[in-house]
Amino acid sequence: MPTPPSPELRRYRGVIFGSGGIARSAHLPAFLEAPGVRERVEIVGLVDGARDVEPADGIRLLERQDQVAELGPVDFIDICTPTASHVGLTLWGLERGYHVLCEKPVALTRSEAVRIGDAARQRGRVVVPCHQYRFNPVWRRIKDWLREGAIGHWHLAELSVHRLLADPGARAQGGETPWRVTRDEGRGGVLVDHGTHLVYQALDVAGLPRAVSAWTGRLRHHRYEVEDTASVLLEYPDRLITMFFTWAARSRENLVRFIGERGTIAWVGGELRLDADGRSERIDYSAQLDKASYQRWFAGLFATFVTAMDSGAADPYLQDIQRVAAVLEVAYQAAERGVRLPIPDGA
């Protein structure tokens, strides 16, 4: 039985913006059910102006964001809306003194990230991006092996995601165009949707690159307004990271591979492999990688969000947002211009 929270620990009141798949399948369950989170958080409102939105667990449903003021004291907002709304809603929340939890990517340019950082520091609030793949058990093991030097100094990493199409989301059930494939709401395609996760994971183990090259385009889904395929190269003085993302595949696949001076780490499907110094290790993570497991990743993320609200430690998260935005911005610029571009100083 979970230990009840200490009387000294504050319980935070939050409002979720958006009631699509990620809100209902991951955010709400983690807030309501995860030990260590449910004792510290109370969701008091859900903002969604779409038609036929179903109520969620007795939480008050609001049609407009200005109705949040009717809920009494609110400590944070959780943004689960399309990408194009992230910057505006984040600034709106900060202006009203709310902490912010926001789906990825929070910002797509360095200037947007700076505006958010300035507003957060001025108000003394935290903005935490939903970079929940850091809590993926496979990725955590990979980082441990790299940190321990299991393959020695690594010089090449390959990260790829293959999907058949963009996630249709809830809109597809009503015959509407998925927001992810529209330029106005998605602000980008597979590089934004899947690439963001692999960008912050790459930065976690290698830091900011010296330069970026990229290609984006539509190979199969020509009705999409955004790219269905992207290739990105992150260049470092002593290593290279290659990334490939596509919604134009024939099967669903993920691959992560690190090649070092003494061996290789490879994550293929549900299996993680370490081959180094003449020894091999295989770990089957299939059961921990299905969709039902995502809630646990979010639970870990939300626990760090609560800790950040407790401490007011905003800078690590603001720096995270800015670094990811810098890489995404330069990658799109490099793809558009067909050139290799440096990462600007101060990113």
# chains A, B, ... in the order shown; residues from 1 in each chain; ligands from 1
call {"tool": "closest_atom_pairs", "arguments": {"of": "range 219-317 of chain A", "to": "range 113-137 of chain A", "cutoff": "8 Å", "atoms": "only C-alpha atoms", "output": "Markdown table"}}
result
| residue | atom | partner | partner_atom | distance |
| --- | --- | --- | --- | --- |
| A:Gln288 | CA | A:Pro137 | CA | 7.5 |
| A:Leu289 | CA | A:Asn136 | CA | 7.9 |
| A:Trp297 | CA | A:Phe135 | CA | 4.9 |
| A:Phe298 | CA | A:Gln132 | CA | 5.7 |
| A:Gly300 | CA | A:Phe135 | CA | 6.4 |
| A:Leu301 | CA | A:Gln132 | CA | 5.7 |
| A:Phe305 | CA | A:Val128 | CA | 6.5 |
| A:Ala308 | CA | A:Val126 | CA | 6.9 |
| A:Met309 | CA | A:Val126 | CA | 6.6 |
| A:Gly312 | CA | A:Val126 | CA | 6.4 |
| A:Ala313 | CA | A:Val126 | CA | 6.9 |
| A:Ala314 | CA | A:Val126 | CA | 4.6 |
| A:Tyr317 | CA | A:Val128 | CA | 5.6 |
call {"tool": "residues_around", "arguments": {"residues": "Ala157 in chain A", "least_positions_apart": "6", "cutoff": "12 Å", "atoms": "only C-alpha atoms", "output": "PyMOL selection string"}}
result
chain A and resi 142+146+198+201-203+205-206+232-236+238-244+255-260+264-267
call {"tool": "write_last_selection", "arguments": {"atoms": "C-alpha atoms", "output": "PDB file, in the first residue's frame"}}
result
ATOM      1  CA  ILE A 142      21.776   2.033 -23.266  1.00  0.00           C
ATOM      2  CA  LEU A 146      27.618   4.098 -22.706  1.00  0.00           C
ATOM      3  CA  LEU A 198      15.521  11.047 -30.831  1.00  0.00           C
ATOM      4  CA  GLN A 201      18.050  11.365 -26.613  1.00  0.00           C
ATOM      5  CA  ALA A 202      21.048  12.028 -28.858  1.00  0.00           C
ATOM      6  CA  LEU A 203      21.848  15.262 -27.033  1.00  0.00           C
ATOM      7  CA  VAL A 205      24.625  11.166 -24.719  1.00  0.00           C
ATOM      8  CA  ALA A 206      26.594  13.409 -27.074  1.00  0.00           C
ATOM      9  CA  VAL A 232      19.502  14.147 -40.299  1.00  0.00           C
ATOM     10  CA  LEU A 233      23.254  14.007 -39.660  1.00  0.00           C
ATOM     11  CA  LEU A 234      24.668  15.387 -36.415  1.00  0.00           C
ATOM     12  CA  GLU A 235      28.417  15.996 -36.732  1.00  0.00           C
ATOM     13  CA  TYR A 236      30.851  16.048 -33.811  1.00  0.00           C
ATOM     14  CA  ASP A 238      35.043  12.647 -32.977  1.00  0.00           C
ATOM     15  CA  ARG A 239      31.711  11.013 -33.838  1.00  0.00           C
ATOM     16  CA  LEU A 240      28.675  11.043 -36.103  1.00  0.00           C
ATOM     17  CA  ILE A 241      24.993  10.456 -35.379  1.00  0.00           C
ATOM     18  CA  THR A 242      22.736   9.507 -38.275  1.00  0.00           C
ATOM     19  CA  MET A 243      18.959   9.757 -37.933  1.00  0.00           C
ATOM     20  CA  PHE A 244      16.276   8.547 -40.311  1.00  0.00           C
ATOM     21  CA  LEU A 255      16.558   0.774 -34.644  1.00  0.00           C
ATOM     22  CA  VAL A 256      19.170   2.229 -32.323  1.00  0.00           C
ATOM     23  CA  ARG A 257      22.815   1.238 -32.803  1.00  0.00           C
ATOM     24  CA  PHE A 258      26.013   2.557 -31.213  1.00  0.00           C
ATOM     25  CA  ILE A 259      29.368   1.418 -32.602  1.00  0.00           C
ATOM     26  CA  GLY A 260      32.458   1.857 -30.462  1.00  0.00           C
ATOM     27  CA  THR A 264      28.344  -2.532 -30.489  1.00  0.00           C
ATOM     28  CA  ILE A 265      25.072  -1.788 -28.717  1.00  0.00           C
ATOM     29  CA  ALA A 266      21.980  -2.492 -30.815  1.00  0.00           C
ATOM     30  CA  TRP A 267      18.295  -2.128 -30.031  1.00  0.00           C
TER      31      TRP A 267
END
call {"tool": "residues_around", "arguments": {"residues": "Glu70 in chain A", "least_positions_apart": "6", "cutoff": "12 Å", "atoms": "only C-alpha atoms", "output": "ChimeraX atom specification"}}
result
/A:15,44-45,60-62,64
call {"tool": "write_last_selection", "arguments": {"atoms": "C-alpha atoms", "output": "compact mmCIF listing (two decimals), in the first residue's frame"}}
result
# COMPACT_ATOMS: atom_id res chain seq x y z
CA VAL A 15 -5.73 21.69 -15.91
CA VAL A 44 -9.46 19.89 -11.81
CA GLY A 45 -10.25 20.77 -15.42
CA ARG A 60 -14.90 19.51 -15.27
CA LEU A 61 -14.90 20.06 -19.02
CA LEU A 62 -14.25 23.60 -20.28
CA ARG A 64 -12.40 27.93 -23.52
call {"tool": "closest_residue", "arguments": {"among": "A:Gly207, A:Pro237, A:Gly49, A:Gly195", "to": "Lys104 in chain A", "atoms": "only C-alpha atoms"}}
result
A:Gly195
call {"tool": "closest_residue", "arguments": {"among": "A:Phe245, A:Gly97, A:Leu318, A:Gly36", "to": "Glu158 in chain A", "atoms": "only C-alpha atoms"}}
result
A:Phe245
call {"tool": "closest_residue", "arguments": {"among": "A:Gly88, A:Pro105, A:Gly149, A:Gly58", "to": "Leu274 in chain A", "atoms": "only C-alpha atoms"}}
result
A:Gly149
call {"tool": "select_by_dssp", "arguments": {"residues": "range 104-212 of chain A", "states": "strand (DSSP E or B)", "output": "ChimeraX atom specification"}}
result
/A:127-129,154-162,211-212
call {"tool": "residues_around", "arguments": {"residues": "Ala30 in chain A", "least_positions_apart": "2", "cutoff": "8 Å", "atoms": "only C-alpha atoms", "output": "list in words"}}
result
Ala26, His27, Leu28, Leu32, Glu33, Ala34, Val37, Arg38, Gln295, Arg296, Phe298, Ala299 and Phe302 of chain A
call {"tool": "residues_around", "arguments": {"residues": "Phe17 in chain A", "least_positions_apart": "3", "cutoff": "6 Å", "atoms": "only C-alpha atoms", "output": "short mmCIF file (atom, residue, chain, number, x, y, z; two decimals) with N, CA and C atoms, in the first residue's frame"}}
result
data_model
loop_
_atom_site.label_atom_id
_atom_site.label_comp_id
_atom_site.auth_asym_id
_atom_site.auth_seq_id
_atom_site.Cartn_x
_atom_site.Cartn_y
_atom_site.Cartn_z
N LEU A 46 -10.44 20.15 -17.73
CA LEU A 46 -10.00 19.69 -19.05
C LEU A 46 -10.55 20.67 -20.07
N VAL A 47 -9.66 21.34 -20.81
CA VAL A 47 -10.07 22.37 -21.77
C VAL A 47 -10.03 21.79 -23.18
N ASP A 78 -1.27 21.56 -18.35
CA ASP A 78 -0.64 20.47 -19.09
C ASP A 78 -1.13 20.56 -20.53
N ILE A 79 -0.23 20.86 -21.46
CA ILE A 79 -0.61 21.15 -22.85
C ILE A 79 -0.48 19.89 -23.70
N CYS A 80 -1.63 19.40 -24.17
CA CYS A 80 -1.70 18.20 -25.01
C CYS A 80 -2.40 18.52 -26.33
#
call {"tool": "residues_around", "arguments": {"residues": "Asp184 in chain A", "least_positions_apart": "6", "cutoff": "12 Å", "atoms": "only C-alpha atoms", "output": "list in words"}}
result
Pro82, Thr83, Ala84, Ser85, Pro178, Tyr224, Glu225 and Val226 of chain A
call {"tool": "select_by_dssp", "arguments": {"residues": "range 41-136 of chain A", "states": "helix (DSSP H, G or I)", "output": "PyMOL selection string"}}
result
chain A and resi 65-71+83-95+110-123+132-135
